[in-house]
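Enquirer: Structure supplied as input_16.cif; contents: mmCIF, C-alpha atoms and all ligand atoms.
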```cif
data_input
#
loop_
_atom_site.group_PDB
_atom_site.id
_atom_site.type_symbol
_atom_site.label_atom_id
_atom_site.label_comp_id
_atom_site.auth_asym_id
_atom_site.auth_seq_id
_atom_site.Cartn_x
_atom_site.Cartn_y
_atom_site.Cartn_z
ATOM 1 C CA MET A 1 -29.043 45.933 -10.201
ATOM 2 C CA ALA A 2 -27.071 46.728 -7.075
ATOM 3 C CA ALA A 3 -29.153 48.127 -4.256
ATOM 4 C CA LEU A 4 -26.396 50.371 -2.999
ATOM 5 C CA ASP A 5 -24.822 53.383 -4.598
ATOM 6 C CA TRP A 6 -21.180 52.682 -3.861
ATOM 7 C CA ARG A 7 -20.033 55.893 -5.447
ATOM 8 C CA ASP A 8 -21.695 57.842 -2.709
ATOM 9 C CA ALA A 9 -19.122 59.363 -0.372
ATOM 10 C CA ARG A 10 -20.950 57.922 2.605
ATOM 11 C CA HIS A 11 -19.868 54.485 1.479
ATOM 12 C CA TYR A 12 -16.222 55.391 1.348
ATOM 13 C CA ASP A 13 -14.054 56.290 4.302
ATOM 14 C CA ARG A 14 -10.824 57.774 3.035
ATOM 15 C CA THR A 15 -9.384 58.179 6.501
ATOM 16 C CA ARG A 16 -9.031 54.523 7.361
ATOM 17 C CA SER A 17 -9.603 50.945 6.328
ATOM 18 C CA LEU A 18 -11.367 48.511 8.613
ATOM 19 C CA PRO A 19 -11.718 44.734 8.403
ATOM 20 C CA CYS A 20 -14.551 43.736 6.106
ATOM 21 C CA ARG A 21 -17.488 42.376 8.063
ATOM 22 C CA TRP A 22 -17.678 39.407 5.695
ATOM 23 C CA CYS A 23 -14.137 38.398 4.727
ATOM 24 C CA GLY A 24 -12.027 40.229 7.313
ATOM 25 C CA ARG A 25 -9.704 41.925 4.850
ATOM 26 C CA PRO A 26 -9.226 45.684 5.211
ATOM 27 C CA THR A 27 -11.495 47.943 3.187
ATOM 28 C CA PRO A 28 -12.274 51.656 3.115
ATOM 29 C CA LEU A 29 -15.764 50.892 1.872
ATOM 30 C CA ARG A 30 -18.841 50.959 4.078
ATOM 31 C CA ASP A 31 -22.153 49.298 3.524
ATOM 32 C CA GLU A 32 -25.537 50.848 4.207
ATOM 33 C CA GLN A 33 -25.248 50.074 7.911
ATOM 34 C CA ARG A 34 -21.889 51.862 7.962
ATOM 35 C CA SER A 35 -20.150 48.570 8.544
ATOM 36 C CA PRO A 36 -16.886 47.969 6.715
ATOM 37 C CA SER A 37 -17.607 45.800 3.709
ATOM 38 C CA HIS A 38 -16.271 45.236 0.219
ATOM 39 C CA LYS A 39 -18.713 45.897 -2.581
ATOM 40 C CA VAL A 40 -18.494 42.322 -3.805
ATOM 41 C CA CYS A 41 -18.905 40.894 -0.314
ATOM 42 C CA ALA A 42 -21.941 43.046 0.411
ATOM 43 C CA GLU A 43 -23.528 42.185 -2.905
ATOM 44 C CA GLN A 44 -22.967 38.499 -2.319
ATOM 45 C CA HIS A 45 -24.674 38.700 1.021
ATOM 46 C CA LEU A 46 -27.411 40.958 -0.275
ATOM 47 C CA THR A 47 -28.130 38.251 -2.815
ATOM 48 C CA VAL A 48 -28.191 35.609 -0.123
ATOM 49 C CA GLU A 49 -30.457 37.672 2.074
ATOM 50 C CA GLY A 50 -32.635 38.796 -0.824
ATOM 51 C CA ALA A 51 -35.850 37.240 -2.007
ATOM 52 C CA GLU A 52 -34.229 35.399 -4.872
ATOM 53 C CA VAL A 53 -31.256 33.128 -4.382
ATOM 54 C CA ASP A 54 -29.642 31.883 -7.522
ATOM 55 C CA HIS A 55 -28.507 28.322 -6.959
ATOM 56 C CA ASP A 56 -27.745 27.706 -10.587
ATOM 57 C CA ARG A 57 -24.364 29.240 -11.262
HETATM 58 ZN ZN ZN B 1 -14.789 41.573 2.005
#
```
Rewrite the structure of this file - the entire thing - as structure tokens.

Expert:
Amino acid sequence: MAALDWRDARHYDRTRSLPCRWCGRPTPLRDEQRSPSHKVCAEQHLTVEGAEVDHDR
């Protein structure tokens, strides 16, 4: 379901945590644009930016 493979080493920076681009809390994770982002935050925004937005939850 998720578009990103978060197990890929490119999505994980062990050397430092940076503020998440969405929520501002520190994270070692990187999204596909190499921006710091939690998995859940990125997936939320991927959903929002995707073709289908689920309003019924
Ligand atoms: Zn976040």

Enquirer: Since I can't run it myself right now, could you work out what the PyMOL selection byres (((chain A and resi 13) around 9) and not hetatm) selects here and report it as a ChimeraX atom specification?

Expert: /A:9-12,14-17,27-30

Enquirer: Leaving out A:Cys20 and any residue of its chain fewer than 6 positions from it, which residues lie within 12 Å of it when counting all atoms listed in the file, given as number ranges by chain?

Expert: A: 26-31, 34-42

Enquirer: For a quick check of understanding, using only C-alpha atoms and all ligand atoms, which of A:Asp8, A:His45, A:Gln33, A:Gly24 has the smallest distance to ligand ZN 1 (chain B)?

Expert: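 For ligand ZN 1 (chain B), the nearest of the candidates is A:Gly24.
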
Enquirer: For ligand ZN 1 (chain B), which residue out of A:Glu32, A:Gln44, A:Arg21, A:Arg7 is the nearest one, using only C-alpha atoms and all ligand atoms?

Expert: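 Once distances to ligand ZN 1 (chain B) are computed over only C-alpha atoms and all ligand atoms, the minimum belongs to A:Arg21.
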
Enquirer: Give the padded box for stretch 28-36 of chain A as AutoDock Vina command-line options: axis-aligned, covering all atoms listed in the file, 5 Å on each side, centre and edge lengths in Å to one decimal.

Expert:
```
--center_x -18.9 --center_y 49.9 --center_z 5.2 --size_x 23.3 --size_y 13.9 --size_z 16.7
```
